[in-house]
Each structure stands twice: as structure tokens, then as C-alpha cells.
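Visitor: For reference, the structure I am asking about is given below.
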Amino acid sequence: MKKEFQKRWPKWFDDFDWFECGDGWKDLLWRLCEDIEKLNSPEDFYVCQVKEKFGGLRFYVLGGSDEIYDRINQAENESFKTCEKCGSTQNVTTEGGWLKTLCKECRK
């Protein structure tokens, strides 16, 4: 998935190796990046890491405005209602010994 983001936003995604989350969050991440682009990210803005932690999305960046950080926070909150594996928003829970946010079907 990282390669698609590198192709669309090469400056943001070119300088790190940590892009570790399920494909189910791809649309959520894509919308986030489009919104950041609309908020006119500063010249020194780039993404440091994208990953799942404690069942939720983590999107770490350097640079950016309060508006950008607010939008990142919204996406991270949305991830807890979106299956990390398939992207469903139906019957999603975060549970288990190793927390994962999955829908009922993917949890089976």
C-alpha cells in the first residue's frame, strides 16, 4: 500500500520504512491525505510513520498546522470504527489480547 501513497504524495512518503497497517484502512488514509493536501501542508511537512497501535491507526508527521493535526486525530478516531482488514464499518470491535479493530466476519 505504501507504494501507492508514495506515487501520489512522493515528498510526504519517501523517507521512511514504517507503513504497517491493514488494507482496510486504505480509504481512510487516502481521504486523510487528500484533506491534508487541501489544508495546504507546509513545505517541510512529511510523514514519519503509519501503523496500527493498540487497535487504532497512528499517523506520525513532522510539520503541519493545528488543522492538520486535528484532521489526523479525526482519522485516528475513525480507525476504531473501521475494520483494519476489510474496511467495513459494520459490527466493528476492538478486543482481544492483542488489540485489533476488526468486523465480526474478519474476527472469525
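To be explicit about the labels: the chains of the C-alpha cells are called A, B, and onward in the order shown, and within each one the residues are counted from 1, while ligands get numbers from 1 in the order they are shown.
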If you run DSSP on this backbone, which residues of chain A come out as strand (DSSP E or B), and could you give them as a ChimeraX atom specification?
Guide: /A:19-20,46-53,56-62,92-95,100-103
Visitor: List every residue of stretch 58-82 of chain A that has an atom at most 9 Å from any atom of stretch 32-45 of chain A, giving for each one its closest atom pair and the distance in Å to one decimal, counting only C-alpha atoms, sorted by chain and then by ascending residue number, as JSON lines.
Guide:
{"residue": "A:Val61", "atom": "CA", "partner": "A:Phe45", "partner_atom": "CA", "distance": 7.1}
{"residue": "A:Leu62", "atom": "CA", "partner": "A:Phe45", "partner_atom": "CA", "distance": 5.6}
{"residue": "A:Gly63", "atom": "CA", "partner": "A:Phe45", "partner_atom": "CA", "distance": 4.5}
{"residue": "A:Gly64", "atom": "CA", "partner": "A:Phe45", "partner_atom": "CA", "distance": 5.9}
{"residue": "A:Ser65", "atom": "CA", "partner": "A:Ser41", "partner_atom": "CA", "distance": 7.6}
{"residue": "A:Glu67", "atom": "CA", "partner": "A:Leu39", "partner_atom": "CA", "distance": 7.4}
{"residue": "A:Ile68", "atom": "CA", "partner": "A:Ile36", "partner_atom": "CA", "distance": 5.9}
{"residue": "A:Arg71", "atom": "CA", "partner": "A:Leu32", "partner_atom": "CA", "distance": 7.0}
{"residue": "A:Ile72", "atom": "CA", "partner": "A:Leu32", "partner_atom": "CA", "distance": 6.9}
{"residue": "A:Gln74", "atom": "CA", "partner": "A:Leu32", "partner_atom": "CA", "distance": 8.8}
{"residue": "A:Ala75", "atom": "CA", "partner": "A:Leu32", "partner_atom": "CA", "distance": 6.6}
Visitor: Mind listing the helix (DSSP H, G or I) residues of chain A, per DSSP on the backbone, as a PDB file with N, CA and C atoms, in the first residue's frame?
Guide:
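Listing of result.pdb after writing:
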ATOM      1  N   LYS A   2       2.019   1.213   0.672  1.00  0.00           N
ATOM      2  CA  LYS A   2       2.878   2.396   0.764  1.00  0.00           C
ATOM      3  C   LYS A   2       3.248   2.941  -0.617  1.00  0.00           C
ATOM      4  N   LYS A   3       3.476   2.055  -1.573  1.00  0.00           N
ATOM      5  CA  LYS A   3       3.898   2.494  -2.911  1.00  0.00           C
ATOM      6  C   LYS A   3       2.849   3.382  -3.575  1.00  0.00           C
ATOM      7  N   GLU A   4       1.575   3.074  -3.362  1.00  0.00           N
ATOM      8  CA  GLU A   4       0.507   3.903  -3.927  1.00  0.00           C
ATOM      9  C   GLU A   4       0.544   5.315  -3.335  1.00  0.00           C
ATOM     10  N   PHE A   5       0.787   5.399  -2.050  1.00  0.00           N
ATOM     11  CA  PHE A   5       0.866   6.691  -1.379  1.00  0.00           C
ATOM     12  C   PHE A   5       2.137   7.436  -1.797  1.00  0.00           C
ATOM     13  N   GLN A   6       3.238   6.702  -1.968  1.00  0.00           N
ATOM     14  CA  GLN A   6       4.486   7.333  -2.426  1.00  0.00           C
ATOM     15  C   GLN A   6       4.317   7.912  -3.828  1.00  0.00           C
ATOM     16  N   LYS A   7       3.590   7.197  -4.670  1.00  0.00           N
ATOM     17  CA  LYS A   7       3.378   7.674  -6.044  1.00  0.00           C
ATOM     18  C   LYS A   7       2.544   8.951  -6.054  1.00  0.00           C
ATOM     19  N   ARG A   8       1.496   9.008  -5.225  1.00  0.00           N
ATOM     20  CA  ARG A   8       0.594  10.164  -5.199  1.00  0.00           C
ATOM     21  C   ARG A   8       1.199  11.354  -4.445  1.00  0.00           C
ATOM     22  N   PRO A  10       4.799  11.847  -3.274  1.00  0.00           N
ATOM     23  CA  PRO A  10       6.188  11.377  -3.140  1.00  0.00           C
ATOM     24  C   PRO A  10       6.986  12.091  -2.056  1.00  0.00           C
ATOM     25  N   LYS A  11       6.793  13.362  -1.889  1.00  0.00           N
ATOM     26  CA  LYS A  11       7.563  14.109  -0.891  1.00  0.00           C
ATOM     27  C   LYS A  11       7.198  13.682   0.540  1.00  0.00           C
ATOM     28  N   TRP A  12       5.937  13.392   0.772  1.00  0.00           N
ATOM     29  CA  TRP A  12       5.477  13.036   2.110  1.00  0.00           C
ATOM     30  C   TRP A  12       5.921  11.649   2.539  1.00  0.00           C
ATOM     31  N   PHE A  13       5.921  10.695   1.600  1.00  0.00           N
ATOM     32  CA  PHE A  13       6.079   9.281   1.947  1.00  0.00           C
ATOM     33  C   PHE A  13       7.396   8.678   1.478  1.00  0.00           C
ATOM     34  N   ASP A  23      -4.992  -3.308   4.936  1.00  0.00           N
ATOM     35  CA  ASP A  23      -5.563  -2.667   3.745  1.00  0.00           C
ATOM     36  C   ASP A  23      -6.936  -2.067   3.985  1.00  0.00           C
ATOM     37  N   GLY A  24      -7.614  -2.499   5.036  1.00  0.00           N
ATOM     38  CA  GLY A  24      -8.942  -1.965   5.335  1.00  0.00           C
ATOM     39  C   GLY A  24      -8.933  -0.480   5.673  1.00  0.00           C
ATOM     40  N   TRP A  25      -7.794   0.043   6.067  1.00  0.00           N
ATOM     41  CA  TRP A  25      -7.688   1.465   6.394  1.00  0.00           C
ATOM     42  C   TRP A  25      -7.195   2.297   5.221  1.00  0.00           C
ATOM     43  N   LYS A  26      -7.034   1.692   4.056  1.00  0.00           N
ATOM     44  CA  LYS A  26      -6.502   2.426   2.898  1.00  0.00           C
ATOM     45  C   LYS A  26      -7.369   3.629   2.539  1.00  0.00           C
ATOM     46  N   ASP A  27      -8.687   3.448   2.432  1.00  0.00           N
ATOM     47  CA  ASP A  27      -9.572   4.562   2.059  1.00  0.00           C
ATOM     48  C   ASP A  27      -9.545   5.668   3.106  1.00  0.00           C
ATOM     49  N   LEU A  28      -9.518   5.273   4.370  1.00  0.00           N
ATOM     50  CA  LEU A  28      -9.448   6.237   5.463  1.00  0.00           C
ATOM     51  C   LEU A  28      -8.154   7.055   5.345  1.00  0.00           C
ATOM     52  N   LEU A  29      -7.038   6.395   5.087  1.00  0.00           N
ATOM     53  CA  LEU A  29      -5.748   7.079   4.922  1.00  0.00           C
ATOM     54  C   LEU A  29      -5.727   7.962   3.685  1.00  0.00           C
ATOM     55  N   TRP A  30      -6.319   7.477   2.601  1.00  0.00           N
ATOM     56  CA  TRP A  30      -6.347   8.251   1.356  1.00  0.00           C
ATOM     57  C   TRP A  30      -7.128   9.553   1.553  1.00  0.00           C
ATOM     58  N   ARG A  31      -8.297   9.456   2.204  1.00  0.00           N
ATOM     59  CA  ARG A  31      -9.094  10.659   2.487  1.00  0.00           C
ATOM     60  C   ARG A  31      -8.319  11.623   3.378  1.00  0.00           C
ATOM     61  N   LEU A  32      -7.624  11.073   4.373  1.00  0.00           N
ATOM     62  CA  LEU A  32      -6.817  11.895   5.263  1.00  0.00           C
ATOM     63  C   LEU A  32      -5.770  12.665   4.467  1.00  0.00           C
ATOM     64  N   CYS A  33      -5.057  12.001   3.596  1.00  0.00           N
ATOM     65  CA  CYS A  33      -4.004  12.660   2.815  1.00  0.00           C
ATOM     66  C   CYS A  33      -4.587  13.696   1.851  1.00  0.00           C
ATOM     67  N   GLU A  34      -5.717  13.391   1.245  1.00  0.00           N
ATOM     68  CA  GLU A  34      -6.365  14.383   0.372  1.00  0.00           C
ATOM     69  C   GLU A  34      -6.760  15.622   1.171  1.00  0.00           C
ATOM     70  N   ASP A  35      -7.273  15.415   2.378  1.00  0.00           N
ATOM     71  CA  ASP A  35      -7.656  16.551   3.228  1.00  0.00           C
ATOM     72  C   ASP A  35      -6.436  17.357   3.662  1.00  0.00           C
ATOM     73  N   ILE A  36      -5.352  16.688   3.999  1.00  0.00           N
ATOM     74  CA  ILE A  36      -4.121  17.389   4.370  1.00  0.00           C
ATOM     75  C   ILE A  36      -3.632  18.224   3.187  1.00  0.00           C
ATOM     76  N   GLU A  37      -3.727  17.666   2.007  1.00  0.00           N
ATOM     77  CA  GLU A  37      -3.325  18.391   0.798  1.00  0.00           C
ATOM     78  C   GLU A  37      -4.168  19.655   0.616  1.00  0.00           C
ATOM     79  N   LYS A  38      -5.467  19.558   0.866  1.00  0.00           N
ATOM     80  CA  LYS A  38      -6.359  20.716   0.757  1.00  0.00           C
ATOM     81  C   LYS A  38      -6.067  21.774   1.812  1.00  0.00           C
ATOM     82  N   ASP A  66      -2.282  23.218  13.180  1.00  0.00           N
ATOM     83  CA  ASP A  66      -3.267  22.661  14.107  1.00  0.00           C
ATOM     84  C   ASP A  66      -4.411  22.001  13.347  1.00  0.00           C
ATOM     85  N   GLU A  67      -4.813  22.583  12.217  1.00  0.00           N
ATOM     86  CA  GLU A  67      -5.883  21.995  11.402  1.00  0.00           C
ATOM     87  C   GLU A  67      -5.479  20.611  10.904  1.00  0.00           C
ATOM     88  N   ILE A  68      -4.239  20.463  10.487  1.00  0.00           N
ATOM     89  CA  ILE A  68      -3.762  19.166  10.006  1.00  0.00           C
ATOM     90  C   ILE A  68      -3.752  18.159  11.152  1.00  0.00           C
ATOM     91  N   TYR A  69      -3.275  18.568  12.304  1.00  0.00           N
ATOM     92  CA  TYR A  69      -3.248  17.658  13.454  1.00  0.00           C
ATOM     93  C   TYR A  69      -4.663  17.293  13.903  1.00  0.00           C
ATOM     94  N   ASP A  70      -5.602  18.213  13.813  1.00  0.00           N
ATOM     95  CA  ASP A  70      -6.993  17.900  14.127  1.00  0.00           C
ATOM     96  C   ASP A  70      -7.542  16.862  13.163  1.00  0.00           C
ATOM     97  N   ARG A  71      -7.210  17.004  11.886  1.00  0.00           N
ATOM     98  CA  ARG A  71      -7.695  16.053  10.877  1.00  0.00           C
ATOM     99  C   ARG A  71      -7.064  14.669  11.083  1.00  0.00           C
ATOM    100  N   ILE A  72      -5.800  14.637  11.451  1.00  0.00           N
ATOM    101  CA  ILE A  72      -5.147  13.357  11.763  1.00  0.00           C
ATOM    102  C   ILE A  72      -5.840  12.699  12.943  1.00  0.00           C
ATOM    103  N   ASN A  73      -6.155  13.479  13.962  1.00  0.00           N
ATOM    104  CA  ASN A  73      -6.848  12.958  15.137  1.00  0.00           C
ATOM    105  C   ASN A  73      -8.216  12.378  14.754  1.00  0.00           C
ATOM    106  N   GLN A  74      -8.928  13.046  13.860  1.00  0.00           N
ATOM    107  CA  GLN A  74     -10.226  12.538  13.403  1.00  0.00           C
ATOM    108  C   GLN A  74     -10.058  11.179  12.719  1.00  0.00           C
ATOM    109  N   ALA A  75      -9.056  11.063  11.861  1.00  0.00           N
ATOM    110  CA  ALA A  75      -8.821   9.804  11.153  1.00  0.00           C
ATOM    111  C   ALA A  75      -8.434   8.692  12.126  1.00  0.00           C
ATOM    112  N   GLU A  76      -7.602   9.032  13.095  1.00  0.00           N
ATOM    113  CA  GLU A  76      -7.217   8.031  14.081  1.00  0.00           C
ATOM    114  C   GLU A  76      -8.432   7.555  14.872  1.00  0.00           C
ATOM    115  N   ASN A  77      -9.320   8.461  15.237  1.00  0.00           N
ATOM    116  CA  ASN A  77     -10.558   8.080  15.935  1.00  0.00           C
ATOM    117  C   ASN A  77     -11.457   7.233  15.043  1.00  0.00           C
ATOM    118  N   GLU A  78     -11.550   7.591  13.774  1.00  0.00           N
ATOM    119  CA  GLU A  78     -12.371   6.833  12.818  1.00  0.00           C
ATOM    120  C   GLU A  78     -11.859   5.401  12.667  1.00  0.00           C
ATOM    121  N   SER A  79     -10.554   5.199  12.813  1.00  0.00           N
ATOM    122  CA  SER A  79      -9.984   3.862  12.634  1.00  0.00           C
ATOM    123  C   SER A  79     -10.547   2.860  13.634  1.00  0.00           C
ATOM    124  N   LYS A 104     -16.991  -8.300  12.591  1.00  0.00           N
ATOM    125  CA  LYS A 104     -17.372  -9.627  13.071  1.00  0.00           C
ATOM    126  C   LYS A 104     -16.865 -10.723  12.123  1.00  0.00           C
ATOM    127  N   GLU A 105     -16.986 -10.492  10.827  1.00  0.00           N
ATOM    128  CA  GLU A 105     -16.575 -11.511   9.834  1.00  0.00           C
ATOM    129  C   GLU A 105     -15.066 -11.726   9.840  1.00  0.00           C
ATOM    130  N   CYS A 106     -14.286 -10.658   9.891  1.00  0.00           N
ATOM    131  CA  CYS A 106     -12.824 -10.780   9.861  1.00  0.00           C
ATOM    132  C   CYS A 106     -12.270 -11.311  11.179  1.00  0.00           C
ATOM    133  N   ARG A 107     -13.022 -11.127  12.243  1.00  0.00           N
ATOM    134  CA  ARG A 107     -12.569 -11.608  13.535  1.00  0.00           C
ATOM    135  C   ARG A 107     -12.655 -13.130  13.651  1.00  0.00           C
TER     136      ARG A 107
END
Visitor: Can you tell me how far atom CA of A:Gly22 sits from atom CA of A:Thr93, in Å to one decimal?
Guide: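 Atom CA of A:Gly22 sits 15.2 Å away from atom CA of A:Thr93.
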Visitor: Excluding A:Gln90 and residues on its chain fewer than 3 positions from it, collect all residues at most 9 Å away from it, counting only C-alpha atoms, and give them as a list in words.
Guide: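 Neighbouring residues, sequence-local ones excluded: Lys81, Thr82, Cys83, Cys103 and Lys104 of chain A.
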Visitor: Using only C-alpha atoms, can you tell me which of A:Glu84, A:Glu20, A:Thr89, A:Trp9 comes closest to A:Lys51?
Guide: A:Glu20
Visitor: So that I can see what lies close to A:Val50, please list as number ranges by chain the residues with an atom at most 7 Å from it, counting only C-alpha atoms and leaving out residues fewer than 3 positions away in the same chain.
Guide: A: 18-20, 58-60
Visitor: Please report the interatomic distance between atom CA of A:Cys21 and atom CA of A:Glu52 in Å with one decimal.
Guide: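 Distance between the two atoms: 5.4 Å.
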Visitor: If we count only C-alpha atoms and set the cut-off at 10 Å, which residues sit around A:Glu95, ignoring sequence neighbours fewer than 4 positions away in its own chain? Please answer as a PyMOL selection string.
Guide: chain A and resi 54-55+99-102+107
